[in-house]
Structure formats: C-alpha cells, structure tokens
>>> print(open('model08.txt').read())   # compact mmCIF, C-alpha atoms
# COMPACT_ATOMS: atom_id res chain seq x y z
CA MET I 1 112.59 125.92 74.15
CA LEU I 2 111.89 129.61 74.57
CA ARG I 3 111.87 132.21 71.84
CA ILE I 4 114.61 134.71 72.65
CA GLY I 5 115.61 138.00 71.08
CA ALA I 6 117.84 140.88 72.10
CA ALA I 7 118.87 144.32 70.90
CA SER I 8 121.04 147.27 71.87
CA ARG I 9 120.90 151.03 71.20
CA THR I 10 123.28 153.91 71.90
CA ILE I 11 121.40 156.57 73.90
CA ASN I 12 123.92 159.39 74.37
CA GLY I 13 122.72 162.87 75.25
CA GLU I 14 123.65 166.07 73.47
CA ILE I 15 126.96 167.81 74.17
CA GLY I 16 126.25 170.92 76.24
CA ALA I 17 123.25 169.45 78.07
CA PHE I 18 123.11 169.07 81.85
CA ILE I 19 124.63 165.98 83.51
CA GLN I 20 122.36 164.13 85.95
CA GLY I 21 124.67 164.28 89.05
CA ALA I 22 122.38 165.22 91.93
CA SER I 23 124.49 167.90 93.62
CA VAL I 24 126.33 169.42 90.65
CA ASP I 25 125.31 171.58 87.69
CA ASN I 26 127.91 170.46 85.14
CA ARG I 27 127.15 170.18 81.46
CA ALA I 28 128.48 167.46 79.17
CA LYS I 29 131.60 168.45 77.25
CA SER I 30 132.31 165.01 75.79
CA VAL I 31 131.34 161.34 75.71
CA ARG I 32 133.80 159.23 77.68
CA ASP I 33 132.03 156.01 76.74
CA ASP I 34 128.65 155.37 75.15
CA LEU I 35 125.43 155.16 77.10
CA GLU I 36 123.33 152.20 75.99
CA ALA I 37 119.89 150.67 76.31
CA ASN I 38 119.89 146.87 76.09
CA ALA I 39 116.83 144.64 75.79
CA LEU I 40 116.08 140.95 76.23
CA TYR I 41 112.83 139.45 74.89
CA LEU I 42 111.65 136.07 76.21
CA ALA I 43 108.52 134.27 75.01
CA ASP I 44 106.88 130.95 75.79
CA ASP I 45 103.39 131.08 74.26
CA PRO I 46 101.16 132.61 75.36
CA GLU I 47 103.45 134.51 77.77
CA SER I 48 106.15 137.00 76.84
CA VAL I 49 108.32 139.52 78.68
CA LEU I 50 110.61 142.36 77.63
CA LEU I 51 113.45 143.37 79.98
CA VAL I 52 115.26 146.65 79.35
CA SER I 53 118.32 148.13 81.05
CA CYS I 54 119.18 151.80 80.38
CA ASP I 55 122.37 153.67 81.28
CA LEU I 56 120.40 156.33 83.14
CA VAL I 57 119.90 157.22 86.79
CA GLY I 58 116.29 156.10 86.41
CA LEU I 59 113.01 157.21 84.86
CA SER I 60 110.02 158.82 86.55
CA PRO I 61 106.66 156.99 86.38
CA GLU I 62 105.16 159.66 84.12
CA HIS I 63 107.90 159.00 81.57
CA VAL I 64 108.35 155.25 81.87
CA GLY I 65 104.60 154.52 81.69
CA PRO I 66 104.13 155.68 78.09
CA VAL I 67 107.46 154.04 77.16
CA ARG I 68 106.27 150.66 78.45
CA GLU I 69 103.00 151.00 76.56
CA ALA I 70 104.79 151.87 73.31
CA MET I 71 107.44 149.16 73.68
CA GLY I 72 104.74 146.63 74.47
CA ARG I 73 102.90 147.48 71.26
CA ALA I 74 106.12 147.31 69.26
CA ALA I 75 107.15 143.94 70.69
CA GLY I 76 103.71 142.37 71.06
CA VAL I 77 104.19 142.16 74.83
CA PRO I 78 101.63 143.23 77.48
CA ALA I 79 102.74 146.55 78.96
CA ARG I 80 102.66 144.98 82.44
CA ASN I 81 105.37 142.56 81.22
CA VAL I 82 107.70 145.33 80.01
CA ILE I 83 110.28 146.12 82.69
CA VAL I 84 112.44 149.22 82.11
CA ALA I 85 115.25 149.79 84.61
CA GLY I 86 117.95 152.41 85.03
CA THR I 87 121.45 151.39 86.06
CA HIS I 88 121.50 154.44 88.39
CA MET I 89 124.77 155.93 87.19
CA HIS I 90 124.80 159.75 87.48
CA SER I 91 126.85 160.48 84.34
CA GLY I 92 123.94 160.63 81.92
CA PRO I 93 121.43 163.29 80.86
CA SER I 94 119.15 164.97 83.41
CA VAL I 95 116.05 162.75 83.34
CA ILE I 96 114.74 162.81 86.93
CA PRO I 97 114.34 165.85 89.24
CA THR I 98 117.30 165.49 91.61
CA ASN I 99 118.16 169.20 91.59
CA PRO I 100 115.46 171.93 91.57
CA LEU I 101 117.83 174.31 89.77
CA LYS I 102 118.53 171.85 86.95
CA PRO I 103 115.80 171.31 84.33
CA LEU I 104 114.87 167.94 82.93
CA ASP I 105 116.18 167.30 79.43
CA SER I 106 112.77 167.03 77.76
CA ALA I 107 114.22 166.87 74.26
CA TYR I 108 116.36 163.91 75.31
CA LEU I 109 113.39 162.13 76.88
CA ASP I 110 111.49 162.48 73.59
CA ARG I 111 114.41 160.95 71.66
CA LEU I 112 114.73 158.20 74.26
CA HIS I 113 111.09 157.26 73.72
CA GLY I 114 111.79 156.66 70.03
CA TRP I 115 114.99 154.73 70.69
CA LEU I 116 113.28 152.43 73.16
CA PHE I 117 110.33 151.85 70.81
CA ASP I 118 112.75 150.69 68.09
CA LEU I 119 114.72 148.66 70.63
CA GLY I 120 111.65 146.70 71.72
CA ALA I 121 110.58 146.04 68.15
CA GLU I 122 114.03 144.75 67.18
CA ALA I 123 114.33 142.50 70.23
CA ALA I 124 111.03 140.81 69.38
CA GLN I 125 111.69 140.61 65.63
CA THR I 126 115.04 138.88 66.15
CA ALA I 127 113.59 136.23 68.48
CA ARG I 128 114.58 132.64 67.75
CA PRO I 129 114.45 129.32 69.62
CA GLY I 130 116.85 129.21 72.52
CA ARG I 131 117.55 128.36 76.12
CA VAL I 132 118.62 130.24 79.23
CA ALA I 133 121.11 129.23 81.89
CA TRP I 134 121.95 130.99 85.13
CA GLY I 135 124.62 131.09 87.78
CA MET I 136 125.19 132.56 91.24
CA GLY I 137 128.41 133.62 92.87
CA ALA I 138 130.01 136.27 95.04
CA ALA I 139 131.82 139.35 93.78
CA ARG I 140 132.53 142.33 96.02
CA ILE I 141 131.43 145.33 93.98
CA GLY I 142 130.54 147.76 96.76
CA TYR I 143 130.66 148.31 100.51
CA ASN I 144 128.18 149.53 103.10
CA ARG I 145 128.69 153.27 103.56
CA ARG I 146 126.63 153.78 106.75
CA CYS I 147 128.93 154.34 109.75
CA CYS I 148 127.84 153.89 113.37
CA TRP I 149 129.32 155.98 116.18
CA ALA I 150 129.65 155.46 119.93
CA ASP I 151 127.08 158.16 120.73
CA GLY I 152 124.42 156.23 118.80
CA ALA I 153 124.59 158.43 115.70
CA HIS I 154 124.76 157.09 112.16
CA THR I 155 126.15 158.91 109.12
CA MET I 156 126.48 158.33 105.41
CA HIS I 157 130.23 157.88 104.90
CA GLY I 158 132.78 158.66 107.61
CA ASP I 159 136.25 157.68 108.79
CA PRO I 160 136.25 154.16 110.29
CA ALA I 161 139.63 154.96 111.85
CA ARG I 162 137.93 157.33 114.29
CA PRO I 163 138.13 156.04 117.88
CA ASP I 164 134.35 156.31 118.28
CA PHE I 165 133.59 154.15 115.22
CA THR I 166 131.60 151.10 116.31
CA GLY I 167 130.84 149.39 112.99
CA LEU I 168 128.75 149.54 109.85
CA GLU I 169 124.99 149.87 109.87
CA GLY I 170 123.82 146.81 107.98
CA PRO I 171 125.51 144.14 105.88
CA ASP I 172 127.37 144.16 102.60
CA ASP I 173 125.87 142.08 99.81
CA PRO I 174 128.42 140.41 97.52
CA ALA I 175 125.84 138.20 95.77
CA HIS I 176 126.21 138.15 91.99
CA PHE I 177 123.64 136.66 89.61
CA ALA I 178 124.04 136.06 85.88
CA LEU I 179 121.68 134.77 83.21
CA PHE I 180 122.89 133.69 79.77
CA ALA I 181 120.62 133.31 76.73
CA ARG I 182 121.75 131.11 73.84
CA ASP I 183 120.07 130.03 70.61
CA ALA I 184 119.48 126.42 69.51
CA ASP I 185 122.99 126.27 68.02
CA GLY I 186 124.61 127.42 71.26
CA LYS I 187 125.37 130.95 70.04
CA LEU I 188 125.17 133.55 72.78
CA ILE I 189 122.24 135.98 72.38
CA ALA I 190 122.50 138.15 75.51
CA VAL I 191 123.77 138.33 79.07
CA LEU I 192 121.84 139.65 82.08
CA TYR I 193 123.57 140.16 85.40
CA SER I 194 122.75 141.64 88.77
CA ASN I 195 124.69 142.74 91.83
CA THR I 196 124.43 145.37 94.55
CA SER I 197 126.40 148.53 93.83
CA HIS I 198 125.96 152.29 93.69
CA PRO I 199 127.64 152.88 90.30
CA THR I 200 128.66 156.51 90.66
CA CYS I 201 132.42 156.53 90.02
CA PHE I 202 132.06 159.67 87.86
CA TYR I 203 129.55 161.51 90.01
CA GLY I 204 128.41 164.46 87.95
CA ALA I 205 131.64 164.93 85.99
CA ASP I 206 131.49 166.95 82.76
CA PHE I 207 131.19 163.97 80.41
CA TYR I 208 128.74 161.17 79.63
CA SER I 209 129.72 157.71 80.86
CA ALA I 210 128.03 154.39 81.52
CA ASP I 211 130.28 154.18 84.60
CA PHE I 212 130.69 150.78 86.30
CA PRO I 213 127.91 149.06 84.29
CA GLY I 214 129.61 150.18 81.08
CA ALA I 215 133.01 148.87 82.15
CA ALA I 216 131.50 145.54 83.23
CA ARG I 217 129.66 145.32 79.90
CA LEU I 218 132.92 145.89 78.02
CA PHE I 219 134.68 143.13 80.00
CA LEU I 220 131.83 140.68 79.38
CA ARG I 221 131.79 141.40 75.65
CA GLN I 222 135.55 140.97 75.43
CA ALA I 223 135.38 137.65 77.28
CA LEU I 224 132.23 136.21 75.67
CA ALA I 225 130.82 137.92 72.56
CA PRO I 226 129.65 141.39 71.39
CA VAL I 227 126.05 140.86 72.54
CA PRO I 228 123.51 142.98 74.44
CA VAL I 229 124.33 143.06 78.17
CA LEU I 230 121.69 144.04 80.73
CA PHE I 231 122.52 145.23 84.26
CA PHE I 232 119.97 145.18 87.08
CA ASN I 233 120.91 146.60 90.45
CA GLY I 234 120.20 145.17 93.88
CA ALA I 235 119.12 147.09 97.00
CA PHE I 236 121.90 149.66 96.89
CA GLY I 237 120.75 152.71 98.88
CA ASP I 238 123.49 152.35 101.52
CA ILE I 239 126.09 150.79 99.23
CA SER I 240 128.99 152.66 97.60
CA ILE I 241 131.07 151.34 94.72
CA GLU I 242 134.34 149.73 95.81
CA SER I 243 137.19 152.15 95.12
CA GLN I 244 140.12 149.72 94.99
>>> encode(input="model08.txt", output="structure tokens")
Amino acid sequence: MLRIGAASRTINGEIGAFIQGASVDNRAKSVRDDLEANALYLADDPESVLLVSCDLVGLSPEHVGPVREAMGRAAGVPARNVIVAGTHMHSGPSVIPTNPLKPLDSAYLDRLHGWLFDLGAEAAQTARPGRVAWGMGAARIGYNRRCCWADGAHTMHGDPARPDFTGLEGPDDPAHFALFARDADGKLIAVLYSNTSHPTCFYGADFYSADFPGAARLFLRQALAPVPVLFFNGAFGDISIESQ
C-alpha cells in the first residue's frame, strides 16, 4: 500500500486587485466562487511525490521554483518531485505577465507562497495507508478553435458557416482521465482528473472564479465526498471550452 495524504486551501485574491484576463484591465469586485489550491501526497519508501493544482492561470519559473523548494521541505519531498500546476483559468489574480500595462500582484504571490507551504505540510502530515485506482473515458469538454479557409489561411476562431471554410486545423481530444485515492478502509482521500480544455468561461470578468475546474470540482464533491480535487489540463492551446 502507498501512504497517501491530501489537503486543500482557499487562495482568493484581494477585492480591488487586477484580474488576470490577458486582454482586459478589470479589477475584482467580488468572489463568484472560491479559488483553491489542492494537493495530493503519495509515498512509497523511499520515493515520494507532491502534486498541486492551483486555480490560477499559471506561475512563472521564478515564482514556482522557490515554492517547490519550500513545499518540498515542508512535506519531506525532493523539490524535483513537487509538481505545481495552474488550471489556466483567467479569473484569478494577476500572477503572470500577460499584459504589459497590468502589474503582477506581488503581495498576492507572497501570500500564495505561505498558503502553498502550509498545504504541502498538511498533505504530508495527513498521509495514511491507501490505494489508488484510475479510469479512462471520453467527455467532450472543448472543441478545436483553429479554422482553415480555402485560400490556405488559418485563424483562431471563425464562422464555420462561411462558404470558404474547409475544416478544423487539428483534432479534438475528448480523452478524460481520473485517479481516485482511498485509505485502507475505503474512504475517499482525493480525486485527480485530467482533460483537454481551455477553461476561460469568465475571461477577465470583474470577479474571481475557479471557472470550469471549480464547477467540475463542485459536481465531483457533490457526487462523491467533500475531498481535495486536483485538475490537470491536457494540450489545450488550440482548444476552447464547449459553450453548450
């Protein structure tokens, strides 16, 4: 059996701070739904790993490097085995430079460092014997947004009803992966899932939201148990969230 632990933290930004959205300069007026960081710790002596999913567009190397080092110390995990991922929603604080006119929220990044340190420590401290199970399926979350035209041009988005539309550039990817961690008594510890989507339903609106990953997390908790839920994205550069 593995030793498995998990933890969750709310990581909302301050009201009045800039929203991440790349092409907008809105500031947050409210919290629509909480941003979270969720962690899953797995150990099988002498190896251990700490997986972390944050409701952020991402983190730059200069910020995530020190975070991995600190979380590794807190959890007793080699820094190289600490994986910190952003869900890539744009309705969080400004943490990467997507707009030269919008400053990074340095105060938020400092608070995030502390939250993630505590998160890693808790995930490791709560570890207990358990097992993991996984499943694969298909769930259409997004669609390819690259349109091809009769003159050989390609554009991001476009009207497929145009007479010169010739098809999409590249495939869709409906693959859906899920991993479930349970303790020795069968109690659910955490859920990790992955699919290919560009989770930007609320692109730069004036509120904080975990967007699609937050809604999916809510559905999973309602159906299974109120446990940490981690989301890891697939290759989603040309994929938009399904609107229906």
>>> closest_atom_pairs(input="model08.txt", of="region 128-190 of chain I", to="region 203-217 of chain I", cutoff="12 Å", atoms="all atoms listed in the file", output="JSON lines")
{"residue": "I:Ile141", "atom": "CA", "partner": "I:Phe212", "partner_atom": "CA", "distance": 9.4}
{"residue": "I:Gly142", "atom": "CA", "partner": "I:Phe212", "partner_atom": "CA", "distance": 10.9}
{"residue": "I:Ala190", "atom": "CA", "partner": "I:Arg217", "partner_atom": "CA", "distance": 11.0}
>>> write_last_selection(input="model08.txt", atoms="C-alpha atoms", output="PDB file, keeping the file's coordinate frame")
ATOM      1  CA  ILE I 141     131.430 145.330  93.980  1.00  0.00           C
ATOM      2  CA  GLY I 142     130.540 147.760  96.760  1.00  0.00           C
ATOM      3  CA  ALA I 190     122.500 138.150  75.510  1.00  0.00           C
TER       4      ALA I 190
END
>>> residues_around(input="model08.txt", residues="Ile96 (chain I)", least_positions_apart="5", cutoff="7 Å", atoms="only C-alpha atoms", output="list in words")
Gly58, Leu59, Ser60 and Leu104 of chain I
>>> atom_distance(input="model08.txt", atom1="CA of His88 (chain I)", atom2="CA of Ser48 (chain I)")
25.9 Å
>>> atom_distance(input="model08.txt", atom1="CA of Ala153 (chain I)", atom2="CA of Asp172 (chain I)")
19.6 Å
>>> residues_around(input="model08.txt", residues="Ala28 (chain I)", least_positions_apart="2", cutoff="9 Å", atoms="all atoms listed in the file", output="list of chain:residue names")
I:Gly13, I:Glu14, I:Ile15, I:Gly16, I:Ala17, I:Phe18, I:Ile19, I:Asn26, I:Ser30, I:Val31, I:Ser91, I:Gly92, I:Pro93, I:Ala205, I:Asp206, I:Phe207, I:Tyr208
>>> residues_around(input="model08.txt", residues="region 124-133 of chain I", least_positions_apart="2", cutoff="6 Å", atoms="all atoms listed in the file", output="VMD selection string")
chain I and resid 1 to 5 41 75 121 to 122 179 to 184
>>> closest_atom_pairs(input="model08.txt", of="region 112-149 of chain I", to="region 154-157 of chain I", cutoff="7 Å", atoms="all atoms listed in the file", output="JSON lines")
{"residue": "I:Arg145", "atom": "CA", "partner": "I:His157", "partner_atom": "CA", "distance": 5.0}
{"residue": "I:Arg146", "atom": "CA", "partner": "I:Met156", "partner_atom": "CA", "distance": 4.7}
{"residue": "I:Cys147", "atom": "CA", "partner": "I:Thr155", "partner_atom": "CA", "distance": 5.4}
{"residue": "I:Cys148", "atom": "CA", "partner": "I:His154", "partner_atom": "CA", "distance": 4.6}
{"residue": "I:Trp149", "atom": "CA", "partner": "I:His154", "partner_atom": "CA", "distance": 6.2}
>>> atom_distance(input="model08.txt", atom1="CA of Asp33 (chain I)", atom2="CA of His63 (chain I)")
24.8 Å
>>> residues_near_point(input="model08.txt", point="(114.9, 146.8, 80.7)", cutoff="7 Å", atoms="all atoms listed in the file", output="NGL selection string")
:I and (38-39 or 50-54 or 83-85)
>>> closest_residue(input="model08.txt", among="I:Gly234, I:Pro97, I:Gly135, I:Pro228", to="Val57 (chain I)", atoms="only C-alpha atoms")
I:Pro97
>>> closest_residue(input="model08.txt", among="I:Gly21, I:Pro100, I:Gly137, I:Gly120", to="Arg73 (chain I)", atoms="all atoms listed in the file")
I:Gly120
>>> residues_around(input="model08.txt", residues="Leu224 (chain I)", least_positions_apart="4", cutoff="9 Å", atoms="only C-alpha atoms", output="short mmCIF file (atom, residue, chain, number, x, y, z; two decimals) with C-alpha atoms, in the frame of the given file")
data_model
loop_
_atom_site.label_atom_id
_atom_site.label_comp_id
_atom_site.auth_asym_id
_atom_site.auth_seq_id
_atom_site.Cartn_x
_atom_site.Cartn_y
_atom_site.Cartn_z
CA LEU I 188 125.17 133.55 72.78
CA PHE I 219 134.68 143.13 80.00
CA LEU I 220 131.83 140.68 79.38
#
>>> closest_residue(input="model08.txt", among="I:Leu109, I:Ala139, I:Phe202, I:Phe236", to="Arg32 (chain I)", atoms="only C-alpha atoms")
I:Phe202
>>> closest_residue(input="model08.txt", among="I:Ile189, I:Val77, I:Val95, I:Leu101", to="Glu62 (chain I)", atoms="only C-alpha atoms")
I:Val95
>>> closest_residue(input="model08.txt", among="I:Ile239, I:Leu218, I:Ala22, I:Leu35", to="Asn99 (chain I)", atoms="all atoms listed in the file")
I:Ala22
>>> decode(input="model08.txt", residues="region 220-241 of chain I", atoms="N, CA and C atoms", output="mmCIF file, in the first residue's frame")
data_model
loop_
_atom_site.group_PDB
_atom_site.id
_atom_site.type_symbol
_atom_site.label_atom_id
_atom_site.label_comp_id
_atom_site.auth_asym_id
_atom_site.auth_seq_id
_atom_site.Cartn_x
_atom_site.Cartn_y
_atom_site.Cartn_z
ATOM 1 N N LEU I 220 -18.069 16.928 -8.539
ATOM 2 C CA LEU I 220 -17.417 15.726 -8.016
ATOM 3 C C LEU I 220 -17.608 15.611 -6.502
ATOM 4 N N ARG I 221 -17.511 16.713 -5.796
ATOM 5 C CA ARG I 221 -17.703 16.669 -4.346
ATOM 6 C C ARG I 221 -19.146 16.330 -3.986
ATOM 7 N N GLN I 222 -20.092 16.848 -4.762
ATOM 8 C CA GLN I 222 -21.486 16.523 -4.502
ATOM 9 C C GLN I 222 -21.764 15.046 -4.755
ATOM 10 N N ALA I 223 -21.132 14.483 -5.772
ATOM 11 C CA ALA I 223 -21.383 13.092 -6.146
ATOM 12 C C ALA I 223 -20.603 12.096 -5.293
ATOM 13 N N LEU I 224 -19.423 12.495 -4.786
ATOM 14 C CA LEU I 224 -18.538 11.536 -4.131
ATOM 15 C C LEU I 224 -18.324 11.853 -2.655
ATOM 16 N N ALA I 225 -17.622 12.939 -2.375
ATOM 17 C CA ALA I 225 -17.319 13.328 -0.993
ATOM 18 C C ALA I 225 -16.618 14.681 -1.032
ATOM 19 N N PRO I 226 -16.666 15.451 0.063
ATOM 20 C CA PRO I 226 -16.017 16.768 0.109
ATOM 21 C C PRO I 226 -14.508 16.654 0.309
ATOM 22 N N VAL I 227 -13.814 16.173 -0.705
ATOM 23 C CA VAL I 227 -12.375 15.919 -0.619
ATOM 24 C C VAL I 227 -11.613 16.855 -1.563
ATOM 25 N N PRO I 228 -10.297 16.973 -1.387
ATOM 26 C CA PRO I 228 -9.495 17.729 -2.355
ATOM 27 C C PRO I 228 -9.641 17.149 -3.766
ATOM 28 N N VAL I 229 -9.777 18.037 -4.745
ATOM 29 C CA VAL I 229 -9.919 17.641 -6.144
ATOM 30 C C VAL I 229 -8.876 18.404 -6.956
ATOM 31 N N LEU I 230 -8.027 17.681 -7.658
ATOM 32 C CA LEU I 230 -6.973 18.282 -8.455
ATOM 33 C C LEU I 230 -7.321 18.181 -9.933
ATOM 34 N N PHE I 231 -7.111 19.286 -10.669
ATOM 35 C CA PHE I 231 -7.344 19.303 -12.114
ATOM 36 C C PHE I 231 -6.025 19.575 -12.829
ATOM 37 N N PHE I 232 -5.703 18.713 -13.804
ATOM 38 C CA PHE I 232 -4.527 18.902 -14.642
ATOM 39 C C PHE I 232 -4.965 18.927 -16.095
ATOM 40 N N ASN I 233 -4.558 19.976 -16.805
ATOM 41 C CA ASN I 233 -5.006 20.182 -18.165
ATOM 42 C C ASN I 233 -4.173 19.383 -19.156
ATOM 43 N N GLY I 234 -4.783 19.102 -20.317
ATOM 44 C CA GLY I 234 -4.066 18.496 -21.416
ATOM 45 C C GLY I 234 -3.459 19.564 -22.303
ATOM 46 N N ALA I 235 -3.094 19.189 -23.537
ATOM 47 C CA ALA I 235 -2.534 20.142 -24.506
ATOM 48 C C ALA I 235 -3.684 20.961 -25.080
ATOM 49 N N PHE I 236 -3.857 22.187 -24.584
ATOM 50 C CA PHE I 236 -5.105 22.906 -24.833
ATOM 51 C C PHE I 236 -4.926 24.217 -25.593
ATOM 52 N N GLY I 237 -3.759 24.455 -26.191
ATOM 53 C CA GLY I 237 -3.531 25.740 -26.841
ATOM 54 C C GLY I 237 -4.553 26.111 -27.880
ATOM 55 N N ASP I 238 -5.021 25.141 -28.672
ATOM 56 C CA ASP I 238 -5.999 25.412 -29.733
ATOM 57 C C ASP I 238 -7.400 24.964 -29.369
ATOM 58 N N ILE I 239 -7.649 24.730 -28.085
ATOM 59 C CA ILE I 239 -8.931 24.178 -27.660
ATOM 60 C C ILE I 239 -9.705 25.210 -26.842
ATOM 61 N N SER I 240 -10.947 25.467 -27.212
ATOM 62 C CA SER I 240 -11.831 26.340 -26.441
ATOM 63 C C SER I 240 -12.836 25.512 -25.668
ATOM 64 N N ILE I 241 -13.297 26.053 -24.552
ATOM 65 C CA ILE I 241 -14.286 25.352 -23.737
ATOM 66 C C ILE I 241 -15.587 25.237 -24.528
#
